[in-house]
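Single-structure report; data block below.
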Amino acid sequence: MKTIYLLGVLPFLGFFVGIFFANRVEPYVLGLPFIMFWIAMWVVLTSVIMGIIYKLDPISREGDVE
Amino acid sequence: MNVVALLVIFAFLVFAIYLGIRARSGRDMDLEQWTTGGRGFGTLFVFLLMAGEIYTTFTFLGGSGWAYGNGGAALYILPYGTLAYVLSYWMLPAVWKYAKEHRCHSQSDFFVKKYNSPYLGVLTSLVAVIAMVPYLALQLKGLGIIVSTTSYGLIPSTMAMVIGLVAVTVYVIISGIHGSAWTAVVKDIMVLAVAVFLGLYLPFALYGGFQPMFEEITQEKGAEFLIFGGDYPIAWFISSVLLSALGFYMWPHTFGASFTAQSTSVFRRNAIIMPLYQLILLFVFFIGFAAVLAVPNLGEEEVDLALLTVVRETFSPWFVGLIGAAGLLTALVPGSLLLMVSATILVKNVYGVFRPSTTEAQIVRYAKYLVPVVGLAALFFTLAGGQSIVILLLLGYSLVTQLFPAMLISLLPNAMNANKYGATAGILVGVATVAYLTITENNLGTLFPWLPQGIHAIHVGIVGLILNLIVLLIVSLATRGLVERERVTTAEERVRTRATT
């Protein structure tokens, strides 16, 4: 189990813990109610996090093990 | 004038079937070709196939309809796919490798080999097919809505569903998965264009922007409409997202589509791109929210009509036809995959277990006979219940996610701790729990009123999942000796056969 994989927990925290603080309409961000912005933001962050994991994962440098 | 929209839709249907026929020519359609495309698809194709299953009628009509009817609660659709992709980074490469080594064609093959039990394969096949019936039903419902709305009432929705079923059946019998992949390309481009265009155009044209739109909705319906609460509180959000994220790849068709990849890095790269693709859903929600005040009079059972109704009120028929065609493809591609996969596993993993002599050619032939049968079952299901598209999908998820614990545990390094008895008992308990709670319309709150208010709305699928896991572990532990003895007996038999020959 590589330490870098722990980053994969962040999206779950962002959605499941974050919702308790973000479940509100105000303030509007980019014209969106706050809850909608929060969830959209975590979708984007998830992609970034998975990108970081992919970059640092030794498996992706080894090429394909088949 | 009324026929213009229908003609556009019909043209797209013919085009899709043409693509299906073209994809088939020049290839031998053996079992491997028909169901997994010969395992030769690269990143882009697997991406499109999986996206094809994700951007279904569910998101297009169901997502906008749920935003229209239940406001902020629709937001649950955005995170679950995203979290499923996070899990897929580790899960799919493991599944793919195992499936390739053991020549698995379907999800049931995977369970049969992993747990060394053909009957577990039969059970998982049946659970998966039962779970797919509401999923198929919602595609047919979507087709019905599209055809009847865009024909401006000319074709009643029941007849539209029958037409849709015939179209899907013909399509899948002709082309198999190759047709799905090519149509998925056309469909994705169309859905992307339509969703983004409508999601931007409607809020600006009708309200003058996003924030003005949401402010007007808040004034009209109260701020609670835009957030989680009421019938859909935070506990509902978390449990529904978790249920759907865990079940995401448990559908035999998403599980099966992962076999079509050329290598495991396809999945790792997809886990980066796919979450972004989810953002299209935001535009779908905008369409639903725009409809809230624009077409305020849809009844509780008509929320799925929100998108097409607002489009019909705003644009001319040829454009309505174009959007209807996009909708048609969102139902056709996943519908055809669902039908093909369910028919194949019924023949191969249920019938084939009791008739081991069935040849691969026979499996393909019988599966094609079964396609219309499964389709008819879904049609009856659609006609029987008036549930909205989102509720139908969550029902399917509650059932199919019951396969998750057995799948996950089999991938862990110390998988020996779980055995076929545990897996079987767990799945049965999970499915029975969901069926009981759904049919009696109970949830934790009605069964155990003394539990804290906050968790009353936890989705019944999660309740089933927890019981499923507990039973799996306990039964596996209790039957450890039994499994050990079976292994010894088989080994002894092998020695004896060798001695006699």
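Chain labels A, B, ... are given in the sequence in which chains occur in the structure tokens; within each chain residues are numbered consecutively from 1, and ligands are likewise numbered from 1 in the order shown.
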Using only C-alpha atoms, which chain A residues lie at most 6 Å away from chain B, written as a list in words?
Asn23, Gly31, Val43, Ser47, Met50 and Gly51 of chain A
Take the residues from that selection and put them in a file with N, CA and C atoms, as a compact mmCIF listing (two decimals), in the first residue's frame.
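result-v4.txt, written as the output of this step:
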```txt
# COMPACT_ATOMS: atom_id res chain seq x y z
N ASN A 23 -23.97 22.83 2.88
CA ASN A 23 -25.37 22.69 2.47
C ASN A 23 -26.13 24.00 2.66
N GLY A 31 -22.12 32.53 -9.68
CA GLY A 31 -23.55 32.50 -10.00
C GLY A 31 -24.27 31.26 -9.51
N VAL A 43 -15.60 17.90 -7.73
CA VAL A 43 -15.46 17.06 -8.93
C VAL A 43 -14.16 17.42 -9.64
N SER A 47 -10.44 15.18 -10.04
CA SER A 47 -9.67 14.93 -11.25
C SER A 47 -8.21 15.30 -11.02
N MET A 50 -6.58 12.68 -8.75
CA MET A 50 -6.29 11.44 -9.46
C MET A 50 -5.10 11.62 -10.40
N GLY A 51 -4.98 12.82 -10.96
CA GLY A 51 -3.84 13.13 -11.82
C GLY A 51 -2.53 13.05 -11.04
```
For Ala137 in chain B, please output as an mmCIF file with N, CA and C atoms, in the first residue's frame all residues within 8 Å (counting only C-alpha atoms; exclusion window: fewer than 4 positions along the same chain).
```
data_model
loop_
_atom_site.group_PDB
_atom_site.id
_atom_site.type_symbol
_atom_site.label_atom_id
_atom_site.label_comp_id
_atom_site.auth_asym_id
_atom_site.auth_seq_id
_atom_site.Cartn_x
_atom_site.Cartn_y
_atom_site.Cartn_z
ATOM 1 N N VAL B 133 -33.684 -4.794 -14.742
ATOM 2 C CA VAL B 133 -35.041 -4.571 -15.246
ATOM 3 C C VAL B 133 -35.517 -3.128 -14.983
ATOM 4 N N LYS B 141 -38.945 4.082 -20.619
ATOM 5 C CA LYS B 141 -39.776 5.204 -20.192
ATOM 6 C C LYS B 141 -39.299 6.487 -20.856
ATOM 7 N N ALA B 378 -39.097 -5.732 -19.185
ATOM 8 C CA ALA B 378 -38.868 -4.337 -18.801
ATOM 9 C C ALA B 378 -40.071 -3.473 -19.174
ATOM 10 N N LEU B 379 -40.651 -3.786 -20.331
ATOM 11 C CA LEU B 379 -41.810 -3.005 -20.788
ATOM 12 C C LEU B 379 -42.972 -3.125 -19.798
ATOM 13 N N PHE B 381 -42.750 -3.846 -16.658
ATOM 14 C CA PHE B 381 -42.338 -3.137 -15.448
ATOM 15 C C PHE B 381 -42.594 -1.632 -15.591
ATOM 16 N N THR B 382 -42.267 -1.109 -16.778
ATOM 17 C CA THR B 382 -42.471 0.324 -17.030
ATOM 18 C C THR B 382 -43.940 0.684 -16.940
ATOM 19 N N LEU B 392 -36.371 4.839 -10.117
ATOM 20 C CA LEU B 392 -36.154 3.545 -10.784
ATOM 21 C C LEU B 392 -34.683 3.158 -10.723
#
```
Check the DSSP output for the backbone and give back, as a VMD selection string, the residues of chain A in alpha helix (DSSP H).
chain A and resid 10 to 16 18 to 22 34 to 56 58 to 62
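Note that CA of Gly65 in chain B and CA of Asp304 in chain B are 4.3 Å apart.
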Which of these residues is nearest to Leu307 in chain B, using only C-alpha atoms: B:Leu467, B:Val172, B:Ile455, B:Val320?
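Looking at the shortest contact to Leu307 in chain B, the residue is B:Val320.
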Point-to-point distance from CA of Lys114 in chain B to CA of Met91 in chain B, Å rounded to tenths
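Result for CA of Lys114 in chain B versus CA of Met91 in chain B: 14.8 Å, one decimal.
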Between CA of Gly208 in chain B and CA of Ala294 in chain B, distance in Å (one decimal):
13.1 Å
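Distance annotation: of B:Ile217, B:Leu165, B:Val471, B:Ala384, the residue with the minimal separation from Val25 in chain A is B:Ile217; atom set is only C-alpha atoms.
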Which one of B:Ile145, B:Glu301, B:Gly327, B:Tyr249 sits closest to Leu192 in chain B if you count only C-alpha atoms?
B:Gly327
Counting only C-alpha atoms, what is within 6 Å of Phe289 in chain B, bar same-chain residues fewer than 2 positions away, as a list in words?
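Using only C-alpha atoms, the neighbours found are Ala67, Tyr68, Phe286, Ile287, Ala291 and Val292 of chain B.
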Write the residues of the selection above to a file with C-alpha atoms, as a CSV table (one decimal), in the first residue's frame.
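Just written: part-v1.csv:
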```
chain,number,residue,atom,x,y,z
B,67,ALA,CA,-33.8,19.1,-10.5
B,68,TYR,CA,-37.2,20.4,-11.7
B,286,PHE,CA,-29.5,24.2,-15.2
B,287,ILE,CA,-32.0,23.0,-17.8
B,291,ALA,CA,-37.9,24.7,-16.3
B,292,VAL,CA,-39.0,25.3,-12.7
```
Which of these residues is nearest to Phe16 in chain A, using only C-alpha atoms: A:Ile39, A:Tyr28, A:Pro58, A:Ile53?
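That would be A:Ile39, the residue with the smallest distance to Phe16 in chain A.
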